[in-house]
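> Below is data06.txt; it holds compact mmCIF, C-alpha atoms.
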# COMPACT_ATOMS: atom_id res chain seq x y z
CA MET A 1 256.06 229.28 7.58
CA LEU A 2 255.16 232.67 6.19
CA LYS A 3 257.54 235.55 6.76
CA ALA A 4 256.24 238.12 9.22
CA PRO A 5 255.54 240.93 6.71
CA THR A 6 253.80 238.51 4.36
CA LEU A 7 251.72 237.20 7.26
CA VAL A 8 250.70 240.70 8.26
CA LEU A 9 249.88 241.61 4.66
CA THR A 10 247.87 238.44 4.17
CA ALA A 11 245.94 239.04 7.41
CA ALA A 12 245.31 242.63 6.36
CA ALA A 13 244.17 241.54 2.91
CA ILE A 14 241.76 239.01 4.40
CA ALA A 15 240.45 241.63 6.82
CA VAL A 16 239.92 244.14 4.02
CA ALA A 17 238.31 241.48 1.87
CA SER A 18 235.91 240.42 4.65
CA LEU A 19 235.04 244.04 5.30
CA ALA A 20 234.41 244.66 1.62
CA LEU A 21 232.16 241.62 1.35
CA ALA A 22 230.37 242.50 4.57
CA GLN A 23 229.60 245.93 3.17
CA GLY A 24 228.18 244.35 0.02
CA ARG A 25 230.87 245.78 -2.22
CA GLY A 26 232.34 244.02 -5.22
CA ASN A 27 234.91 241.27 -5.22
CA PRO A 28 238.14 242.76 -3.80
CA ALA A 29 240.32 241.17 -6.48
CA VAL A 30 238.07 242.66 -9.16
CA ASP A 31 238.17 246.05 -7.41
CA ALA A 32 241.96 245.87 -7.18
CA ARG A 33 242.51 245.11 -10.85
CA LYS A 34 240.03 247.77 -11.88
CA ALA A 35 241.90 250.26 -9.71
CA GLN A 36 245.10 249.32 -11.49
CA MET A 37 243.48 249.73 -14.91
CA HIS A 38 242.13 253.14 -13.89
CA LEU A 39 245.59 254.27 -12.78
CA GLN A 40 247.12 253.08 -16.04
CA LEU A 41 244.41 254.80 -18.05
CA PHE A 42 244.89 258.04 -16.08
CA TYR A 43 248.56 258.35 -17.04
CA ALA A 44 248.18 256.86 -20.52
CA GLY A 45 245.33 259.30 -21.16
CA ALA A 46 247.49 262.25 -20.10
CA LEU A 47 250.22 261.16 -22.53
CA GLY A 48 247.72 260.41 -25.30
CA ALA A 49 246.17 263.87 -24.97
CA MET A 50 249.61 265.44 -25.44
CA ALA A 51 250.50 263.19 -28.37
CA ARG A 52 247.21 264.04 -30.09
CA GLY A 53 247.63 267.77 -29.47
CA LYS A 54 244.59 268.04 -27.19
CA VAL A 55 246.77 269.59 -24.48
CA PRO A 56 250.20 271.23 -24.96
CA TYR A 57 253.27 269.01 -24.55
CA ASP A 58 254.87 269.39 -21.12
CA ALA A 59 258.20 267.57 -20.77
CA ALA A 60 258.10 267.24 -16.98
CA ALA A 61 254.48 266.07 -16.91
CA ALA A 62 255.15 263.60 -19.72
CA LYS A 63 258.18 262.17 -17.96
CA THR A 64 256.29 261.82 -14.67
CA ALA A 65 253.33 260.13 -16.33
CA ALA A 66 255.53 257.68 -18.21
CA ASP A 67 257.62 256.91 -15.11
CA ASN A 68 254.44 256.23 -13.17
CA LEU A 69 253.30 253.84 -15.87
CA VAL A 70 256.57 251.94 -15.50
CA LEU A 71 256.00 251.70 -11.76
CA ILE A 72 252.36 250.66 -12.01
CA THR A 73 253.04 248.03 -14.65
CA SER A 74 255.76 246.48 -12.47
CA ILE A 75 253.16 245.36 -9.92
CA ASP A 76 252.43 241.63 -9.99
CA TYR A 77 249.09 241.17 -11.70
CA ALA A 78 248.60 237.46 -11.19
CA SER A 79 247.05 237.85 -7.74
CA TYR A 80 244.25 240.06 -9.13
CA PHE A 81 242.92 237.23 -11.24
CA PRO A 82 241.85 234.38 -8.93
CA GLU A 83 239.76 231.54 -10.34
CA GLY A 84 236.04 232.25 -10.49
CA THR A 85 236.29 235.97 -11.25
CA ASP A 86 235.49 235.78 -14.98
CA ASN A 87 232.43 237.44 -16.50
CA ALA A 88 230.67 234.10 -16.97
CA THR A 89 230.78 233.48 -13.21
CA ILE A 90 230.30 236.91 -11.65
CA ASP A 91 228.80 240.24 -12.67
CA ASP A 92 230.65 243.52 -12.63
CA THR A 93 233.68 242.35 -14.59
CA HIS A 94 234.61 242.27 -18.25
CA ALA A 95 237.33 239.67 -17.75
CA LEU A 96 236.67 236.84 -20.21
CA PRO A 97 237.05 233.17 -19.23
CA ALA A 98 239.79 233.01 -21.91
CA ILE A 99 242.16 234.50 -19.30
CA TRP A 100 242.00 231.35 -17.19
CA GLN A 101 242.32 229.10 -20.23
CA ASP A 102 245.73 230.64 -20.99
CA MET A 103 247.02 232.42 -17.89
CA PRO A 104 250.68 232.47 -19.04
CA GLY A 105 249.67 233.99 -22.38
CA PHE A 106 247.48 236.51 -20.60
CA LEU A 107 250.20 237.56 -18.14
CA GLY A 108 252.65 237.77 -21.04
CA HIS A 109 250.67 240.80 -22.27
CA PHE A 110 251.55 242.59 -19.02
CA ASP A 111 255.24 241.91 -19.64
CA THR A 112 254.80 243.40 -23.11
CA LEU A 113 253.08 246.41 -21.57
CA HIS A 114 255.84 246.87 -19.00
CA SER A 115 258.54 246.74 -21.71
CA ALA A 116 256.60 249.22 -23.84
CA THR A 117 256.15 251.69 -20.97
CA THR A 118 259.85 251.37 -20.07
CA GLN A 119 260.77 252.27 -23.61
CA LEU A 120 258.26 255.13 -23.56
CA ALA A 121 259.62 256.54 -20.28
CA ALA A 122 263.19 256.55 -21.58
CA THR A 123 262.39 259.40 -23.98
CA ALA A 124 258.98 260.78 -22.94
CA GLY A 125 260.62 263.94 -21.57
CA ASP A 126 262.70 264.54 -24.70
CA GLY A 127 260.08 266.30 -26.77
CA LEU A 128 256.75 265.70 -28.49
CA ASP A 129 258.26 263.77 -31.40
CA ALA A 130 259.96 261.30 -29.04
CA LEU A 131 256.67 260.84 -27.18
CA LYS A 132 254.75 260.26 -30.41
CA ALA A 133 257.37 257.78 -31.60
CA ASN A 134 256.99 255.47 -28.61
CA ILE A 135 253.45 255.90 -27.34
CA GLY A 136 251.98 253.73 -30.07
CA GLY A 137 253.79 250.68 -28.70
CA ALA A 138 252.25 251.17 -25.27
CA PHE A 139 248.74 251.60 -26.64
CA LYS A 140 249.23 248.58 -28.86
CA ALA A 141 250.03 246.56 -25.74
CA CYS A 142 246.74 247.71 -24.15
CA GLY A 143 244.76 246.80 -27.26
CA GLY A 144 246.55 243.51 -27.78
CA CYS A 145 245.29 242.24 -24.45
CA HIS A 146 241.81 243.81 -24.57
CA GLU A 147 241.11 242.24 -27.94
CA THR A 148 241.44 238.71 -26.62
CA TYR A 149 240.60 238.96 -22.95
CA ARG A 150 238.08 241.76 -22.38
CA ALA A 151 234.34 241.60 -23.11
CA PRO A 152 232.71 244.61 -24.81
CA LEU A 153 232.09 247.57 -22.51
CA LYS A 154 228.65 249.13 -22.62
CA MET B 1 180.66 220.99 -48.41
CA ARG B 2 182.04 220.56 -51.94
CA ARG B 3 182.47 224.30 -52.36
CA TRP B 4 184.29 224.48 -49.01
CA LEU B 5 186.71 221.74 -50.09
CA THR B 6 187.40 223.50 -53.41
CA GLY B 7 188.14 226.66 -51.51
CA LEU B 8 190.52 224.86 -49.22
CA ALA B 9 192.31 223.20 -52.16
CA ALA B 10 192.63 226.54 -53.93
CA LEU B 11 194.01 228.07 -50.79
CA ILE B 12 196.59 225.27 -50.46
CA LEU B 13 197.55 225.67 -54.12
CA ILE B 14 197.94 229.41 -53.83
CA GLY B 15 199.83 229.02 -50.59
CA THR B 16 202.16 226.43 -52.08
CA ALA B 17 202.84 228.55 -55.15
CA LEU B 18 203.46 231.56 -52.99
CA ALA B 19 205.74 229.62 -50.70
CA LEU B 20 207.67 228.16 -53.63
CA GLY B 21 208.03 231.56 -55.21
CA LEU B 22 209.18 233.13 -52.01
CA THR B 23 211.48 230.33 -51.03
CA ARG B 24 213.39 230.06 -54.31
CA PRO B 25 216.84 231.72 -54.25
CA ARG B 26 216.84 234.84 -56.43
CA HIS B 27 219.61 235.89 -58.79
CA LEU B 28 221.04 239.13 -60.08
CA ASP B 29 220.56 240.18 -63.69
CA ALA B 30 223.40 238.36 -65.48
CA ALA B 31 223.66 241.06 -68.16
CA ALA B 32 224.10 243.78 -65.54
CA VAL B 33 226.87 241.80 -63.84
CA ALA B 34 228.59 241.11 -67.17
CA ALA B 35 228.48 244.81 -68.04
CA VAL B 36 230.71 245.70 -65.06
CA ALA B 37 234.43 246.18 -65.77
CA PRO B 38 235.96 245.06 -62.43
CA ASP B 39 238.38 247.51 -60.79
CA LEU B 40 240.87 245.49 -58.72
CA ALA B 41 242.30 248.47 -56.80
CA ARG B 42 238.76 249.43 -55.88
CA GLY B 43 238.08 245.83 -54.89
CA ALA B 44 241.09 245.82 -52.55
CA TYR B 45 239.81 248.94 -50.78
CA LEU B 46 236.29 247.51 -50.55
CA PHE B 47 237.74 244.34 -49.03
CA ASP B 48 238.69 246.42 -45.98
CA ALA B 49 235.56 248.58 -46.04
CA ALA B 50 233.36 245.47 -46.08
CA GLY B 51 235.39 243.68 -43.39
CA CYS B 52 235.68 240.39 -45.32
CA ALA B 53 238.78 239.18 -43.47
CA SER B 54 237.21 239.77 -40.06
CA CYS B 55 235.04 236.70 -40.56
CA HIS B 56 236.64 234.68 -43.35
CA ALA B 57 240.35 234.78 -42.45
CA ALA B 58 241.48 231.92 -40.23
CA PRO B 59 240.99 232.44 -36.46
CA GLU B 60 243.74 234.65 -34.98
CA ALA B 61 245.09 235.55 -38.44
CA THR B 62 246.99 238.85 -38.54
CA GLY B 63 248.96 240.77 -41.17
CA ASP B 64 249.10 239.20 -44.63
CA ALA B 65 247.47 236.03 -43.28
CA ARG B 66 244.22 238.03 -43.27
CA LEU B 67 244.25 237.78 -47.07
CA VAL B 68 243.92 233.99 -46.89
CA LEU B 69 240.16 233.44 -46.61
CA ALA B 70 240.39 229.90 -45.25
CA GLY B 71 237.39 230.26 -42.91
CA GLY B 72 236.96 228.40 -39.65
CA ARG B 73 235.95 231.21 -37.31
CA ARG B 74 232.98 230.25 -35.15
CA PHE B 75 230.04 232.52 -34.35
CA SER B 76 227.72 231.30 -31.63
CA THR B 77 224.19 232.68 -31.74
CA THR B 78 220.80 231.73 -30.35
CA PHE B 79 220.16 229.80 -33.59
CA GLY B 80 223.29 227.70 -33.31
CA THR B 81 226.96 228.04 -34.19
CA PHE B 82 227.88 229.32 -37.63
CA VAL B 83 231.31 228.45 -38.99
CA ALA B 84 232.79 230.78 -41.60
CA PRO B 85 233.39 228.83 -44.82
CA ASN B 86 236.53 228.84 -46.95
CA ILE B 87 235.96 231.49 -49.63
CA SER B 88 239.53 231.53 -50.90
CA PRO B 89 239.97 230.94 -54.65
CA ASP B 90 240.86 227.27 -54.12
CA PRO B 91 238.72 225.44 -56.73
CA LYS B 92 237.84 222.54 -54.40
CA ALA B 93 237.92 223.83 -50.82
CA GLY B 94 237.04 227.42 -51.68
CA ILE B 95 234.99 229.15 -54.37
CA GLY B 96 237.62 229.34 -57.11
CA ASP B 97 235.23 227.87 -59.67
CA TRP B 98 232.43 230.36 -58.95
CA PRO B 99 231.98 232.97 -61.68
CA LEU B 100 231.79 236.60 -60.57
CA ALA B 101 228.01 236.58 -61.01
CA GLU B 102 227.59 233.72 -58.53
CA ILE B 103 229.77 235.44 -55.95
CA ALA B 104 227.75 238.63 -56.39
CA ASP B 105 224.52 236.59 -55.99
CA ALA B 106 225.83 235.21 -52.71
CA VAL B 107 227.09 238.53 -51.35
CA MET B 108 224.13 240.69 -52.37
CA LEU B 109 221.17 238.26 -52.27
CA GLY B 110 222.35 235.43 -50.04
CA SER B 111 221.84 232.99 -52.91
CA GLY B 112 224.59 230.38 -53.00
CA ARG B 113 224.74 227.51 -55.44
CA HIS B 114 221.09 226.37 -55.59
CA ARG B 115 220.45 227.22 -51.97
CA HIS B 116 219.91 230.06 -49.55
CA LEU B 117 222.82 231.21 -47.42
CA TYR B 118 222.38 232.02 -43.76
CA PRO B 119 222.25 235.75 -43.03
CA VAL B 120 225.35 235.44 -40.87
CA LEU B 121 226.73 236.60 -44.23
CA PRO B 122 225.33 240.15 -44.00
CA TYR B 123 223.63 240.23 -47.40
CA PRO B 124 220.78 242.40 -46.10
CA GLU B 125 223.51 245.08 -45.85
CA TYR B 126 225.75 244.13 -48.78
CA GLY B 127 222.63 244.03 -50.94
CA ARG B 128 222.47 247.83 -50.64
CA ALA B 129 225.93 248.19 -52.20
CA ARG B 130 226.51 249.22 -55.80
CA LEU B 131 226.71 246.22 -58.12
CA ALA B 132 229.96 247.52 -59.67
CA ASP B 133 231.54 247.62 -56.20
CA ILE B 134 230.57 244.05 -55.34
CA VAL B 135 231.74 242.70 -58.71
CA SER B 136 235.08 244.52 -58.21
CA LEU B 137 235.31 243.02 -54.73
CA ALA B 138 234.62 239.53 -56.11
CA ALA B 139 237.28 240.03 -58.82
CA TYR B 140 239.80 241.10 -56.16
CA GLN B 141 238.91 238.07 -54.04
CA LYS B 142 239.93 235.87 -56.98
CA THR B 143 243.47 237.33 -56.82
CA LEU B 144 243.99 236.28 -53.17
CA PRO B 145 245.95 233.14 -52.16
CA PRO B 146 244.03 229.82 -52.43
CA ASP B 147 243.85 227.65 -49.32
CA PRO B 148 243.00 223.90 -49.24
CA THR B 149 241.34 223.85 -45.76
CA PRO B 150 237.85 222.28 -46.17
CA SER B 151 234.85 224.26 -44.94
CA GLN B 152 233.31 222.92 -41.72
CA PRO B 153 229.57 222.10 -41.48
CA GLN B 154 227.25 224.64 -39.85
CA GLU B 155 225.99 223.63 -36.39
CA ILE B 156 222.44 224.94 -36.58
CA GLY B 157 219.50 223.82 -34.47
CA PHE B 158 216.43 221.97 -35.79
CA LEU B 159 213.98 224.08 -37.87
CA PHE B 160 216.58 226.78 -38.46
CA ASN B 161 218.55 224.22 -40.49
CA ILE B 162 215.76 224.07 -43.12
CA ARG B 163 217.16 226.48 -45.65
CA ALA B 164 213.89 226.93 -47.57
CA GLY B 165 212.67 228.88 -44.55
CA LEU B 166 215.37 231.44 -45.29
CA GLY B 167 213.38 232.52 -48.34
CA LEU B 168 210.66 233.75 -46.01
CA TRP B 169 213.26 235.30 -43.73
CA LYS B 170 214.68 237.24 -46.66
CA TRP B 171 211.20 238.38 -47.63
CA LEU B 172 210.91 239.91 -44.16
CA TYR B 173 214.40 241.29 -43.60
CA ALA B 174 216.51 241.43 -46.78
CA GLY B 175 216.17 243.75 -49.75
CA ARG B 176 215.16 246.64 -47.51
CA GLY B 177 216.10 250.23 -48.31
CA TRP B 178 218.29 252.66 -46.39
CA VAL B 179 217.57 253.23 -42.72
CA LEU B 180 218.59 256.90 -42.87
CA ALA B 181 216.26 257.96 -45.66
CA ASP B 182 217.48 261.50 -46.33
CA PRO B 183 221.17 262.17 -45.66
CA ALA B 184 221.66 265.94 -45.37
CA ASP B 185 224.89 266.20 -47.38
CA PRO B 186 227.25 264.10 -49.57
CA GLN B 187 229.54 263.30 -46.61
CA THR B 188 226.67 261.82 -44.60
CA GLU B 189 225.49 259.95 -47.68
CA ARG B 190 228.97 258.46 -48.12
CA GLY B 191 228.94 257.52 -44.43
CA ARG B 192 225.57 255.85 -44.90
CA TYR B 193 227.02 253.75 -47.71
CA LEU B 194 230.00 252.75 -45.56
CA VAL B 195 227.92 251.94 -42.46
CA GLU B 196 224.62 250.59 -43.83
CA ALA B 197 225.96 248.75 -46.89
CA LEU B 198 229.66 247.84 -46.64
CA GLY B 199 230.66 248.03 -42.98
CA HIS B 200 227.50 246.22 -41.80
CA CYS B 201 227.90 247.86 -38.36
CA GLY B 202 224.24 247.16 -37.58
CA GLU B 203 224.86 243.41 -37.52
CA CYS B 204 226.38 243.77 -34.04
CA HIS B 205 225.24 247.21 -32.86
CA THR B 206 221.49 246.87 -33.67
CA PRO B 207 219.21 244.64 -31.58
CA ARG B 208 217.39 241.77 -33.31
CA THR B 209 213.79 240.66 -33.48
CA LEU B 210 212.73 237.18 -32.34
CA LEU B 211 213.35 235.88 -35.86
CA GLY B 212 216.84 237.30 -35.97
CA GLY B 213 216.23 240.30 -38.21
CA LEU B 214 217.60 243.72 -37.34
CA ASP B 215 215.16 245.99 -35.47
CA ARG B 216 215.35 249.12 -37.62
CA SER B 217 213.44 251.16 -35.04
CA ARG B 218 216.44 250.81 -32.71
CA TRP B 219 219.13 251.25 -35.37
CA LEU B 220 222.67 251.06 -33.93
CA GLY B 221 221.09 251.41 -30.48
CA GLY B 222 223.19 248.66 -28.88
CA ALA B 223 222.40 244.97 -28.50
CA PRO B 224 223.10 242.00 -26.26
CA ASP B 225 226.48 240.43 -26.95
CA PRO B 226 225.90 237.18 -28.89
CA SER B 227 227.99 235.35 -26.30
CA GLY B 228 225.12 235.95 -23.85
CA LYS B 229 227.17 238.13 -21.49
CA GLY B 230 227.44 241.90 -21.72
CA ARG B 231 226.23 244.31 -24.38
CA ILE B 232 227.48 245.72 -27.67
CA PRO B 233 227.42 249.51 -27.22
CA ASN B 234 224.76 251.94 -28.41
CA ILE B 235 226.57 254.04 -31.06
CA SER B 236 223.59 256.21 -32.01
CA PRO B 237 223.69 259.80 -30.69
CA GLY B 238 221.58 258.52 -27.79
CA GLY B 239 224.47 256.40 -26.55
CA LEU B 240 227.64 257.94 -27.94
CA ASP B 241 228.49 261.52 -26.99
CA TRP B 242 231.89 261.60 -28.73
CA SER B 243 232.64 264.35 -31.24
CA ALA B 244 232.90 263.45 -34.92
CA ASP B 245 236.70 263.86 -34.62
CA ASP B 246 236.75 261.48 -31.65
CA ILE B 247 234.84 258.86 -33.65
CA ALA B 248 237.17 259.21 -36.64
CA SER B 249 240.26 258.95 -34.39
CA PHE B 250 238.83 255.84 -32.75
CA LEU B 251 238.28 254.19 -36.14
CA GLU B 252 241.90 254.99 -37.03
CA THR B 253 243.74 254.15 -33.79
CA GLY B 254 241.33 252.02 -31.76
CA LEU B 255 241.66 254.54 -28.92
CA LYS B 256 238.62 256.14 -27.30
CA PRO B 257 238.60 259.83 -26.28
CA ASP B 258 239.93 258.83 -22.84
CA PHE B 259 242.57 256.67 -24.58
CA ASP B 260 241.12 253.38 -23.42
CA SER B 261 241.57 250.87 -26.25
CA ALA B 262 238.98 249.03 -28.30
CA GLY B 263 238.43 245.52 -27.03
CA SER B 264 237.11 242.17 -28.24
CA SER B 265 235.55 242.08 -31.71
CA MET B 266 235.83 245.86 -32.22
CA ALA B 267 239.63 245.58 -32.17
CA GLU B 268 239.24 243.33 -35.22
CA VAL B 269 237.01 245.92 -36.89
CA ILE B 270 239.62 248.65 -36.30
CA ARG B 271 242.08 246.60 -38.40
CA ASN B 272 239.77 247.36 -41.32
CA THR B 273 238.78 250.94 -40.55
CA ALA B 274 242.43 251.90 -39.91
CA ARG B 275 243.03 251.18 -43.61
CA LEU B 276 240.26 253.42 -44.92
CA THR B 277 240.92 256.98 -46.06
CA PRO B 278 240.61 259.78 -43.44
CA GLU B 279 237.73 261.13 -45.55
CA ASP B 280 235.84 257.84 -45.24
CA ARG B 281 236.40 257.65 -41.48
CA GLY B 282 235.11 261.22 -41.28
CA ALA B 283 232.07 260.20 -43.32
CA ILE B 284 231.28 257.34 -40.96
CA ALA B 285 231.52 259.77 -38.04
CA ALA B 286 229.22 262.28 -39.78
CA TYR B 287 226.68 259.51 -40.42
CA LEU B 288 226.75 258.34 -36.80
CA LYS B 289 226.05 261.90 -35.66
CA ALA B 290 223.12 262.15 -38.11
CA ILE B 291 221.06 259.07 -37.26
CA PRO B 292 218.14 259.24 -34.81
CA PRO B 293 219.19 258.85 -31.17
CA VAL B 294 218.16 255.58 -29.50
CA ARG B 295 217.69 255.92 -25.75
Go ahead and express the file in the form of structure tokens.


Amino acid sequence: MLKAPTLVLTAAAIAVASLALAQGRGNPAVDARKAQMHLQLFYAGALGAMARGKVPYDAAAAKTAADNLVLITSIDYASYFPEGTDNATIDDTHALPAIWQDMPGFLGHFDTLHSATTQLAATAGDGLDALKANIGGAFKACGGCHETYRAPLK
Amino acid sequence: MRRWLTGLAALILIGTALALGLTRPRHLDAAAVAAVAPDLARGAYLFDAAGCASCHAAPEATGDARLVLAGGRRFSTTFGTFVAPNISPDPKAGIGDWPLAEIADAVMLGSGRHRHLYPVLPYPEYGRARLADIVSLAAYQKTLPPDPTPSQPQEIGFLFNIRAGLGLWKWLYAGRGWVLADPADPQTERGRYLVEALGHCGECHTPRTLLGGLDRSRWLGGAPDPSGKGRIPNISPGGLDWSADDIASFLETGLKPDFDSAGSSMAEVIRNTARLTPEDRGAIAAYLKAIPPVR
């Protein structure tokens, strides 16, 4: 027996999914994980621009961006990657079949990312040097996963 | 009738001679190779610039394990699956008993011991390198750790597995000059050397002809991913609008201007380019801004 909120959420998800398919849009799981990646990139890009000196360092903005990354990376990713949504099966995704050959290893990269963003957020508001010291770990987590599990982007 | 037959025989003879001449593996001038005094420090730098470990280190190797050239990585193509051989200095499993001249023959001309090598070893590019650089690289390779893992056989389809045919392939596609004929300044010229000779960027980023040669008219204009899904990006000015600084930063950190990270095989390439000097990364960027745009 599903709990009431779960039931409602599941029904809503199915409704949204049906609607999305009916309108000829992409796979909702693929859309959801792309949305998550875009959010991550938005905040990581803001921090990267500060670290590289493309925009001036702003302690409050840096802290907010890093905190948001901690929040976003605490979402459960597993549900975004149902079977049959790899780039060999469907278009419009760069997710390699390797993900489904080693799902625990794949999801482990998200744990690494979450740890790295937590460490980043702890000091992101303490000055540019602190930001520079910890941002590399977060970007390394991005790259570590993309190297193995993402097909080349055009 | 008799005259016609003589003509045909002559034609066959000429054709055979031509074919034999073309299909025999060529060799470098032994005296020129012997005249080089190998520079090991230079060789170590070239090892990164030429991306040797990216193919010849064991699959998944990172850190110092990238110096063990045990082979075993698999490259699937339309011609079959190539398996990187062991080129560590192990005398049995690797190429420890190859003199420097033989290694230079292989790297620059694709001529292995008495046979042609498949152009999955990018000798059409490495062949443009300076002989002194390749001999230094070969001398450095001999200082790396030996590994006893035997090389695996190539898994190449019928017809393509006849290595004599590679002589004709080389006649068509190897030994060609620079693609960018007139670099405007020394920095662009240095970038040309790094991209067209050592880095062999075109092997992935340039589309191929039916016979598997690089299509120079669409140089670095992007190509289908060899896996059959997706595309390798167009990095000519027609496809890449990044500034030269953006390109150089990407080659150092693996981060694009929007701070997305390099993925798949490019992440492996960044391991090499991150170890080059900032001047060399700047030279690569200058070169990429200077080549003709492919739309």

> Excluding B:Thr273 and residues on its chain fewer than 6 positions from it, collect all residues at most 9 Å away from it, counting all atoms listed in the file, and give them as an MDAnalysis selection string.

chainID B and resid 48:49 51 199 251:253 280:281

> Tell me which of B:Lys229, B:Phe250, B:Pro153, B:Gly282 sits closest to A:Pro97, counting only C-alpha atoms.

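The answer is B:Lys229, which sits nearest to A:Pro97.
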
> Could you check which of A:Thr123, A:Asn87, A:Thr112, A:Thr148 is closest to A:Thr73, using all atoms listed in the file?

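Using all atoms listed in the file, A:Thr73 sits closest to A:Thr112.
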
> Once you count all atoms listed in the file, which residues of chain A turn out to be within 8 Å of chain B? Could you give them as a ChimeraX atom specification?

/A:41,44-45,48,87-88,94,139,142-143,146-154

> Let's have the selection written as an mmCIF file, keeping the file's coordinate frame, with C-alpha atoms.


data_model
loop_
_atom_site.group_PDB
_atom_site.id
_atom_site.type_symbol
_atom_site.label_atom_id
_atom_site.label_comp_id
_atom_site.auth_asym_id
_atom_site.auth_seq_id
_atom_site.Cartn_x
_atom_site.Cartn_y
_atom_site.Cartn_z
ATOM 1 C CA LEU A 41 244.410 254.800 -18.050
ATOM 2 C CA ALA A 44 248.180 256.860 -20.520
ATOM 3 C CA GLY A 45 245.330 259.300 -21.160
ATOM 4 C CA GLY A 48 247.720 260.410 -25.300
ATOM 5 C CA ASN A 87 232.430 237.440 -16.500
ATOM 6 C CA ALA A 88 230.670 234.100 -16.970
ATOM 7 C CA HIS A 94 234.610 242.270 -18.250
ATOM 8 C CA PHE A 139 248.740 251.600 -26.640
ATOM 9 C CA CYS A 142 246.740 247.710 -24.150
ATOM 10 C CA GLY A 143 244.760 246.800 -27.260
ATOM 11 C CA HIS A 146 241.810 243.810 -24.570
ATOM 12 C CA GLU A 147 241.110 242.240 -27.940
ATOM 13 C CA THR A 148 241.440 238.710 -26.620
ATOM 14 C CA TYR A 149 240.600 238.960 -22.950
ATOM 15 C CA ARG A 150 238.080 241.760 -22.380
ATOM 16 C CA ALA A 151 234.340 241.600 -23.110
ATOM 17 C CA PRO A 152 232.710 244.610 -24.810
ATOM 18 C CA LEU A 153 232.090 247.570 -22.510
ATOM 19 C CA LYS A 154 228.650 249.130 -22.620
#

> Counting all atoms listed in the file, which residue out of A:Ala35, A:Tyr43, A:Ala49, A:Ala59 sits closest to A:Asp126?

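That would be A:Ala59, the residue with the smallest distance to A:Asp126.
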
> Show me the residues close to (226.6, 236.1, -34.5) - anything with an atom within 9 Å, counting only C-alpha atoms - and format the list as an mmCIF file with C-alpha atoms, in the frame of the given file.


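Just written: selection.cif:
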data_model
loop_
_atom_site.group_PDB
_atom_site.id
_atom_site.type_symbol
_atom_site.label_atom_id
_atom_site.label_comp_id
_atom_site.auth_asym_id
_atom_site.auth_seq_id
_atom_site.Cartn_x
_atom_site.Cartn_y
_atom_site.Cartn_z
ATOM 1 C CA ARG B 74 232.980 230.250 -35.150
ATOM 2 C CA PHE B 75 230.040 232.520 -34.350
ATOM 3 C CA SER B 76 227.720 231.300 -31.630
ATOM 4 C CA THR B 77 224.190 232.680 -31.740
ATOM 5 C CA THR B 78 220.800 231.730 -30.350
ATOM 6 C CA THR B 81 226.960 228.040 -34.190
ATOM 7 C CA PHE B 82 227.880 229.320 -37.630
ATOM 8 C CA VAL B 120 225.350 235.440 -40.870
ATOM 9 C CA GLU B 203 224.860 243.410 -37.520
ATOM 10 C CA CYS B 204 226.380 243.770 -34.040
ATOM 11 C CA ASP B 225 226.480 240.430 -26.950
ATOM 12 C CA PRO B 226 225.900 237.180 -28.890
ATOM 13 C CA SER B 227 227.990 235.350 -26.300
#

> So that I can check the surroundings of B:Pro99, please list as a list of chain:residue names every protein, DNA and RNA residue that reaches within 12 Å of it, counting all atoms listed in the file and ignoring chain neighbours fewer than 6 positions away.

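In the requested form, the answer reads B:Ala30, B:Val33, B:Ala34, B:Pro89, B:Pro91, B:Asp105, B:Ala106, B:Gly112, B:Arg113, B:Val135, B:Ala138, B:Ala139, B:Gln141, B:Lys142.
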
> So how many Å separate atom CA of A:Leu47 and atom CA of A:Gly137, to one decimal?

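Atom CA of A:Gly137 lies at a distance of 12.7 Å from atom CA of A:Leu47.
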
> Between atom CA of B:Leu40 and atom CA of B:Leu28, what is the distance in Å, rounded to a tenth?

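Here the two named atoms are 20.9 Å from each other.
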
> Give me the residues near B:Tyr118 as a VMD selection string, where near means some atom within 9 Å (using all atoms listed in the file) and where sequence neighbours in that chain fewer than 2 positions away do not count.

chain B and resid 82 110 116 120 to 122 163 166

> At most 10 Å from (222.2, 239.0, -56.5), file frame, only C-alpha atoms: which residues, as a ChimeraX atom specification?

/B:25-30,33,101-112,123,126-127,131,134

> Which residues, written as number ranges by chain, have at least one atom at most 12 Å from A:Thr64, with all atoms listed in the file counted and residues fewer than 4 positions away on the same chain left out?

A: 43-44, 46-47, 58-60, 68-71, 117, 120-125

> Hey, which of A:Ile90, A:Ala138, A:Ala61, A:Cys145 ends up closest to A:Met103? Count all atoms listed in the file.

A:Cys145

> What does the distance from atom CA of A:Lys140 to atom CA of B:Thr62 come to in Å, to one decimal?

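One can read the atom CA of A:Lys140 to atom CA of B:Thr62 distance as 13.9 Å.
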
> Please determine, counting all atoms listed in the file, which residue among B:Ala197, B:Ser54, B:Arg295, B:Ala286 has the shortest atom-to-atom distance to B:Gly221.

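Going through B:Ala197, B:Ser54, B:Arg295, B:Ala286 one by one, the smallest distance to B:Gly221 is for B:Arg295.
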
> Taking all atoms of stretch 41-47 of chain B that appear in the file, build a box with edges along x, y and z, extend it by 8 Å on every side, and state its centre and edge lengths in Å to one decimal, as JSON.


{"center_x": 239.3, "center_y": 246.9, "center_z": -52.9, "size_x": 22.0, "size_y": 21.1, "size_z": 23.8}
